[in-house]
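Okay, upload-v3.cif now, which holds mmCIF, C-alpha atoms and all ligand atoms:
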data_upload
#
loop_
_atom_site.label_atom_id
_atom_site.label_comp_id
_atom_site.auth_asym_id
_atom_site.auth_seq_id
_atom_site.Cartn_x
_atom_site.Cartn_y
_atom_site.Cartn_z
CA MET T 17 -15.60 -3.36 -4.77
CA SER T 18 -12.71 -2.30 -2.56
CA ALA T 19 -11.83 1.39 -2.32
CA ASN T 20 -8.34 0.44 -1.21
CA SER T 21 -5.58 1.29 -3.67
CA GLU T 22 -4.58 -2.36 -3.81
CA ALA T 23 -7.32 -4.85 -2.97
CA ASN T 24 -6.61 -7.09 0.06
CA LYS T 25 -3.58 -5.01 1.05
CA PRO T 26 -3.42 -3.29 4.44
CA PRO T 27 -4.60 0.33 4.42
CA GLN T 28 -2.00 2.80 3.26
CA ILE T 29 -1.40 6.21 4.78
CA VAL T 30 -2.06 8.86 2.14
CA LEU T 31 -1.24 12.54 2.67
CA VAL T 32 -3.63 14.93 0.93
CA VAL T 33 -2.31 18.47 0.73
CA ALA T 34 -2.72 21.65 -1.28
CA ALA T 35 0.33 23.91 -1.38
CA ALA T 36 0.97 27.15 -3.23
CA ASP T 37 4.00 27.50 -5.48
CA ASN T 38 5.83 29.08 -2.50
CA ASP T 39 4.89 26.11 -0.25
CA VAL T 40 2.33 28.10 1.80
CA ILE T 41 -0.55 25.87 2.93
CA GLY T 42 -2.28 28.06 5.54
CA ALA T 43 -2.77 31.63 6.71
CA ASP T 44 -4.47 32.84 9.89
CA GLY T 45 -5.98 29.42 10.55
CA LYS T 46 -7.49 29.16 7.08
CA LEU T 47 -6.64 28.26 3.51
CA PRO T 48 -5.12 31.28 1.74
CA TRP T 49 -7.21 30.77 -1.42
CA HIS T 50 -10.67 29.86 -2.66
CA LEU T 51 -10.55 26.91 -5.02
CA ARG T 52 -13.89 25.24 -5.45
CA SER T 53 -12.54 22.84 -8.08
CA ASP T 54 -9.90 21.54 -5.67
CA LEU T 55 -12.51 21.12 -2.92
CA ARG T 56 -14.37 18.81 -5.34
CA HIS T 57 -11.13 16.92 -5.97
CA PHE T 58 -10.50 16.68 -2.20
CA ARG T 59 -14.04 15.39 -1.65
CA ALA T 60 -13.61 12.71 -4.30
CA LEU T 61 -10.26 11.60 -2.84
CA THR T 62 -11.51 11.35 0.74
CA MET T 63 -15.20 10.36 0.52
CA GLY T 64 -16.08 7.12 2.31
CA LYS T 65 -12.70 6.93 4.06
CA PRO T 66 -11.24 7.84 7.45
CA VAL T 67 -9.68 11.31 7.51
CA VAL T 68 -7.03 12.13 10.14
CA MET T 69 -6.40 15.78 11.02
CA GLY T 70 -4.97 18.06 13.70
CA ARG T 71 -7.27 20.05 15.96
CA LYS T 72 -6.42 23.33 14.19
CA THR T 73 -7.37 21.92 10.81
CA TYR T 74 -10.64 20.65 12.26
CA LEU T 75 -11.37 24.13 13.63
CA SER T 76 -10.57 25.68 10.25
CA ILE T 77 -13.08 23.35 8.58
CA GLY T 78 -15.57 24.00 11.37
CA ARG T 79 -17.61 20.79 11.13
CA PRO T 80 -17.09 17.07 10.62
CA LEU T 81 -16.65 16.22 6.94
CA PRO T 82 -19.77 14.28 5.92
CA GLY T 83 -19.48 10.71 4.64
CA ARG T 84 -16.06 10.24 6.23
CA THR T 85 -14.85 9.05 9.65
CA ASN T 86 -13.34 12.19 11.17
CA VAL T 87 -10.38 11.45 13.46
CA VAL T 88 -9.01 14.57 15.16
CA VAL T 89 -5.75 14.58 17.12
CA SER T 90 -5.52 16.78 20.20
CA ARG T 91 -3.59 16.70 23.47
CA ASP T 92 -6.43 18.61 25.11
CA PRO T 93 -8.46 16.06 27.11
CA ALA T 94 -11.42 18.44 27.17
CA PHE T 95 -11.63 18.75 23.39
CA ALA T 96 -14.66 17.03 21.89
CA ALA T 97 -17.35 17.69 19.31
CA PRO T 98 -20.25 15.65 17.93
CA GLY T 99 -19.31 13.52 14.94
CA LEU T 100 -15.59 13.31 15.79
CA LEU T 101 -13.30 10.63 17.09
CA VAL T 102 -10.79 12.58 19.17
CA ALA T 103 -7.44 10.87 19.74
CA PRO T 104 -4.82 11.98 22.30
CA THR T 105 -1.87 10.70 20.23
CA LEU T 106 -1.13 10.07 16.58
CA HIS T 107 -0.69 6.40 17.39
CA THR T 108 -4.23 6.23 18.78
CA ALA T 109 -5.54 8.23 15.82
CA LEU T 110 -3.93 5.87 13.32
CA SER T 111 -5.21 2.79 15.17
CA ALA T 112 -8.77 4.12 15.02
CA ALA T 113 -8.37 5.13 11.38
CA ARG T 114 -6.81 1.77 10.47
CA GLY T 115 -9.73 -0.15 12.02
CA ASP T 116 -12.18 2.00 10.10
CA ALA T 117 -10.19 1.69 6.86
CA LEU T 118 -10.09 -2.10 7.18
CA ARG T 119 -13.87 -2.19 7.61
CA ARG T 120 -14.36 0.10 4.65
CA GLY T 121 -11.65 -1.48 2.47
CA SER T 122 -10.08 1.94 2.05
CA ASP T 123 -6.87 3.81 2.73
CA ILE T 124 -6.24 6.31 5.56
CA MET T 125 -6.35 9.89 4.36
CA VAL T 126 -4.25 12.37 6.36
CA ILE T 127 -5.55 15.86 5.62
CA GLY T 128 -3.32 18.16 7.68
CA GLY T 129 -2.23 20.53 8.88
CA ALA T 130 1.50 21.03 8.73
CA GLU T 131 2.14 19.62 12.22
CA ILE T 132 0.40 16.39 11.31
CA PHE T 133 1.96 16.15 7.83
CA ALA T 134 5.42 16.61 9.34
CA GLN T 135 4.89 13.80 11.84
CA LEU T 136 3.31 11.36 9.37
CA LEU T 137 5.37 12.04 6.24
CA SER T 138 7.75 9.16 6.98
CA ALA T 139 4.81 6.76 7.48
CA ALA T 140 3.02 7.75 4.27
CA ALA T 141 3.01 5.50 1.23
CA ARG T 142 1.27 7.99 -1.07
CA LEU T 143 0.98 11.71 -1.49
CA GLU T 144 -1.82 13.55 -3.27
CA LEU T 145 -0.54 17.08 -3.90
CA THR T 146 -2.44 20.01 -5.33
CA ARG T 147 -0.02 22.74 -6.43
CA VAL T 148 -1.91 26.04 -6.41
CA HIS T 149 -0.32 28.48 -8.84
CA LEU T 150 -0.21 31.44 -6.46
CA ARG T 151 2.40 32.89 -4.07
CA PRO T 152 0.25 34.01 -1.11
CA GLN T 153 1.33 35.29 2.29
CA GLY T 154 0.93 32.64 4.96
CA ASP T 155 2.09 31.32 8.31
CA VAL T 156 1.91 27.56 7.71
CA LEU T 157 4.18 25.83 5.20
CA LEU T 158 4.38 22.42 3.57
CA PRO T 159 7.01 20.43 5.49
CA THR T 160 10.23 19.69 3.62
CA ILE T 161 9.73 16.68 1.37
CA GLU T 162 12.66 14.64 0.09
CA TRP T 163 11.40 14.41 -3.49
CA SER T 164 13.96 11.79 -4.51
CA GLN T 165 12.01 9.34 -2.32
CA TRP T 166 8.79 9.87 -4.27
CA GLN T 167 7.74 8.79 -7.73
CA GLU T 168 5.12 10.70 -9.67
CA THR T 169 2.31 8.36 -10.82
CA ALA T 170 -0.21 10.83 -12.26
CA ARG T 171 -0.45 14.54 -13.04
CA ARG T 172 -3.21 16.79 -14.30
CA ASP T 173 -3.14 20.54 -14.97
CA LEU T 174 -6.49 22.13 -14.18
CA PRO T 175 -7.55 25.51 -15.55
CA GLN T 176 -8.89 28.21 -13.25
CA GLY T 177 -12.65 27.66 -12.95
CA PRO T 178 -15.22 30.41 -12.30
CA HIS T 179 -14.94 29.87 -8.50
CA ASP T 180 -11.18 29.35 -8.34
CA ASP T 181 -8.51 31.92 -7.42
CA ALA T 182 -5.94 30.27 -9.70
CA PRO T 183 -5.17 27.34 -11.97
CA PHE T 184 -3.65 24.35 -10.20
CA THR T 185 -1.94 21.02 -10.82
CA VAL T 186 -2.87 17.79 -9.06
CA THR T 187 -0.13 15.21 -8.80
CA SER T 188 -0.11 11.73 -7.24
CA TYR T 189 3.10 10.27 -5.84
CA ARG T 190 4.03 6.96 -4.33
CA ARG T 191 6.98 6.32 -2.08
CA ILE T 192 9.85 4.63 -3.88
CA ALA T 193 10.52 1.29 -2.18
CA GLN T 194 13.86 1.16 -0.35
CA GLN T 195 16.32 -1.39 -1.75
N1 LIG T 201 -3.51 23.49 2.27
C1 LIG T 201 -3.78 22.34 2.89
O1 LIG T 201 -3.79 21.25 2.29
C2 LIG T 201 -4.12 22.38 4.35
C3 LIG T 201 -4.56 21.21 4.98
C4 LIG T 201 -4.86 21.28 6.33
C5 LIG T 201 -4.71 22.47 7.02
N2 LIG T 201 -4.27 23.56 6.37
C6 LIG T 201 -4.06 24.83 7.09
O2 LIG T 201 -3.00 24.61 8.03
C7 LIG T 201 -3.27 25.36 9.22
C8 LIG T 201 -3.37 24.40 10.40
O3 LIG T 201 -2.21 23.60 10.45
P1 LIG T 201 -1.27 23.52 11.77
O4 LIG T 201 -0.03 22.82 11.40
O5 LIG T 201 -1.20 24.90 12.35
O6 LIG T 201 -2.18 22.67 12.78
P2 LIG T 201 -2.78 21.17 12.70
O7 LIG T 201 -1.70 20.23 12.30
O8 LIG T 201 -4.05 21.16 11.96
O9 LIG T 201 -3.17 20.94 14.24
C9 LIG T 201 -2.20 21.04 15.24
C10 LIG T 201 -2.80 20.51 16.53
O10 LIG T 201 -2.95 19.10 16.42
C11 LIG T 201 -2.69 18.51 17.68
N3 LIG T 201 -1.52 17.64 17.56
C12 LIG T 201 -0.46 17.77 16.72
N4 LIG T 201 0.41 16.75 16.89
C13 LIG T 201 -0.13 15.98 17.86
C14 LIG T 201 0.28 14.77 18.49
N5 LIG T 201 1.44 14.16 18.14
N6 LIG T 201 -0.49 14.25 19.47
C15 LIG T 201 -1.65 14.85 19.83
N7 LIG T 201 -2.11 15.99 19.26
C16 LIG T 201 -1.35 16.55 18.29
C17 LIG T 201 -2.45 19.64 18.66
O11 LIG T 201 -3.74 19.98 19.15
P3 LIG T 201 -3.96 20.59 20.64
O12 LIG T 201 -3.36 21.94 20.60
O13 LIG T 201 -5.44 20.54 20.82
O14 LIG T 201 -3.24 19.64 21.58
C18 LIG T 201 -1.92 20.74 17.76
O15 LIG T 201 -2.10 22.04 18.28
C19 LIG T 201 -4.54 26.14 8.94
O16 LIG T 201 -4.19 27.40 8.39
C20 LIG T 201 -5.24 25.30 7.90
O17 LIG T 201 -6.15 26.04 7.11
C21 LIG T 201 -3.98 23.55 5.05
#

As a first step, turn the structure in this file into structure tokens.
Amino acid sequence: MSANSEANKPPQIVLVVAAADNDVIGADGKLPWHLRSDLRHFRALTMGKPVVMGRKTYLSIGRPLPGRTNVVVSRDPAFAAPGLLVAPTLHTALSAARGDALRRGSDIMVIGGAEIFAQLLSAAARLELTRVHLRPQGDVLLPTIEWSQWQETARRDLPQGPHDDAPFTVTSYRRIAQQ
């Protein structure tokens, strides 16, 4: 069975992001919260698919994500690590991810950070947003999103689990087609 959102359609670019209520998504090169339940949600959304990320996000994760094709964008020609496809431009990264997604019958999951989200927002067809109900300090913010261009397709409020810093809400959006 195809893992693509619409069988036989070209892979879509999907942004996957967790943002606090104050739009903070990162602090000191890390996530500013511990949220095991959202990590499970992230794993389910991305497993078996290509994931595209910036070098800083890769370093914050610290290892290739298992079961996924890890495409890391960096302008540093010396940057490399086992288990990664390193791309010098976003265009190259998306080409590699698209080839992989076509083979897998999946979409392309863009997993951050803010620099990458900002550059790929206009190319994205879907957005998977976790709203973390906290207002932490941070130095990396969710880029400005023009919400009138997005339609909510699903929403779930999740209670704070035993290994979560806060309750959170996961919402799926799709881009509203231009007339
Ligand atoms: N809450 C969330 O959902 C979430 C998700 C991901 C990350 N984060 C957090 O966000 C922070 C990292 O985000 P960030 O915005 O600082 O960094 P980032 O987007 O992860 O990575 C930025 C790096 O990507 C490379 N890059 C960016 N645009 C490029 C392009 N057009 N062509 C080639 N390479 C390009 C550059 O690497 P080089 O410098 O090597 O050239 C750049 O320094 C961390 O705190 C992380 O924990 C949060």

inquiry  = For a quick check of your reading of the model, name the residues lying within 12 Å of the coordinate (-1.2, 30.7, -9.4), counting all atoms listed in the file, and write them as an NGL selection string.
reply    = :T and (35-39 or 48-51 or 146-152 or 173-176 or 180-185)

Problem - Residue nearest ligand LIG 201 (chain T) - candidates T:Thr85, T:Gln135, T:Gln165, T:Thr160, atoms counted: all atoms listed in the file - result: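 Between T:Thr85, T:Gln135, T:Gln165, T:Thr160, the residue approaching ligand LIG 201 (chain T) most closely is T:Gln135.
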
Nearest to Ser138 in chain T, restricted to all atoms listed in the file and choosing among T:Gly121, T:Pro159, T:Gly83, T:Pro98, comes out as T:Pro159

message = Given all atoms listed in the file as the basis, pick out the residue of T:Arg84, T:Arg91, T:Arg56, T:Lys25 nearest to ligand LIG 201 (chain T).
response =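 Among T:Arg84, T:Arg91, T:Arg56, T:Lys25, it is T:Arg91 that comes nearest to ligand LIG 201 (chain T).
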
Which residue of T:Ala43, T:Leu157, T:Ile127, T:Leu118 approaches Tyr74 in chain T most closely, using all atoms listed in the file:
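Ranked by minimum distance to Tyr74 in chain T, first place goes to T:Ile127.
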
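Among the candidates T:Gln153, T:Gln167, T:Ser111, T:Ser90, the one nearest to ligand LIG 201 (chain T) when counting all atoms listed in the file is T:Ser90.
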
request  = Go through T:Arg52, T:Lys65, T:Arg71, T:His179 one by one, measure the shortest atom-to-atom distance of each to ligand LIG 201 (chain T) using all atoms listed in the file, and give the residue with the smallest value.
outcome  =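 Of T:Arg52, T:Lys65, T:Arg71, T:His179, the one nearest ligand LIG 201 (chain T) is T:Arg71, counting all atoms listed in the file.
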
Query raised in the report: Can you tell me how far atom O4 of ligand LIG 201 (chain T) sits from CA of Val88 in chain T, in Å to one decimal?
Result: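 That distance, rounded to one decimal, is 12.8 Å.
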
Could you list, as number ranges by chain, all residues that come within 6 Å of ligand LIG 201 (chain T)? Count all atoms listed in the file. T: 33-35, 41-47, 69-73, 76, 89-92, 104-106, 127-132, 156

| task | Find the residues around Ala193 in chain T up to 12 Å (all atoms listed in the file counted), leave out those fewer than 6 positions away in its own chain, and share them as a list in words. | result |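 With the cut-off at 12 Å, the set is Ala140, Ala141, Arg142, Ser164, Gln165, Trp166 and Gln167 of chain T.
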
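Between CA of Ile192 in chain T and CA of Thr169 in chain T lies a distance of 10.9 Å.
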
Please identify all polymer residues within 7 Å of Leu143 in chain T, counting all atoms listed in the file, omitting same-chain residues fewer than 5 positions from it, and present them as an mmCIF file with C-alpha atoms, in the coordinates of the input.
data_model
loop_
_atom_site.group_PDB
_atom_site.id
_atom_site.type_symbol
_atom_site.label_atom_id
_atom_site.label_comp_id
_atom_site.auth_asym_id
_atom_site.auth_seq_id
_atom_site.Cartn_x
_atom_site.Cartn_y
_atom_site.Cartn_z
ATOM 1 C CA VAL T 30 -2.060 8.860 2.140
ATOM 2 C CA LEU T 31 -1.240 12.540 2.670
ATOM 3 C CA VAL T 32 -3.630 14.930 0.930
ATOM 4 C CA SER T 188 -0.110 11.730 -7.240
ATOM 5 C CA TYR T 189 3.100 10.270 -5.840
ATOM 6 C CA ARG T 190 4.030 6.960 -4.330
#

* To do: Could you give me, as JSON, numbers by chain, the residues within 9 Å of Ala113 in chain T, counting only C-alpha atoms and dropping anything in the same chain fewer than 2 positions from it?
  => {"T": [65, 66, 67, 68, 85, 86, 87, 108, 109, 110, 111, 115, 116, 117, 118, 123, 124, 125]}

Review point. Expressed in Å to a single decimal, how great is the separation between CA of Arg59 in chain T and CA of Arg114 in chain T?
Key: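 Computing it gives 19.6 Å between the two atoms.
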
So which residues fall inside 9 Å of (8.7, 16.4, 3.0) if we count all atoms listed in the file? Mind giving them as number ranges by chain?
-> T: 133-134, 137-138, 158-163

Saved selection, atoms kept: C-alpha atoms, as a PDB file, keeping the file's coordinate frame:
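This went into part30.pdb:
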ATOM      1  CA  PHE T 133       1.960  16.150   7.830  1.00  0.00           C
ATOM      2  CA  ALA T 134       5.420  16.610   9.340  1.00  0.00           C
ATOM      3  CA  LEU T 137       5.370  12.040   6.240  1.00  0.00           C
ATOM      4  CA  SER T 138       7.750   9.160   6.980  1.00  0.00           C
ATOM      5  CA  LEU T 158       4.380  22.420   3.570  1.00  0.00           C
ATOM      6  CA  PRO T 159       7.010  20.430   5.490  1.00  0.00           C
ATOM      7  CA  THR T 160      10.230  19.690   3.620  1.00  0.00           C
ATOM      8  CA  ILE T 161       9.730  16.680   1.370  1.00  0.00           C
ATOM      9  CA  GLU T 162      12.660  14.640   0.090  1.00  0.00           C
ATOM     10  CA  TRP T 163      11.400  14.410  -3.490  1.00  0.00           C
TER      11      TRP T 163
END
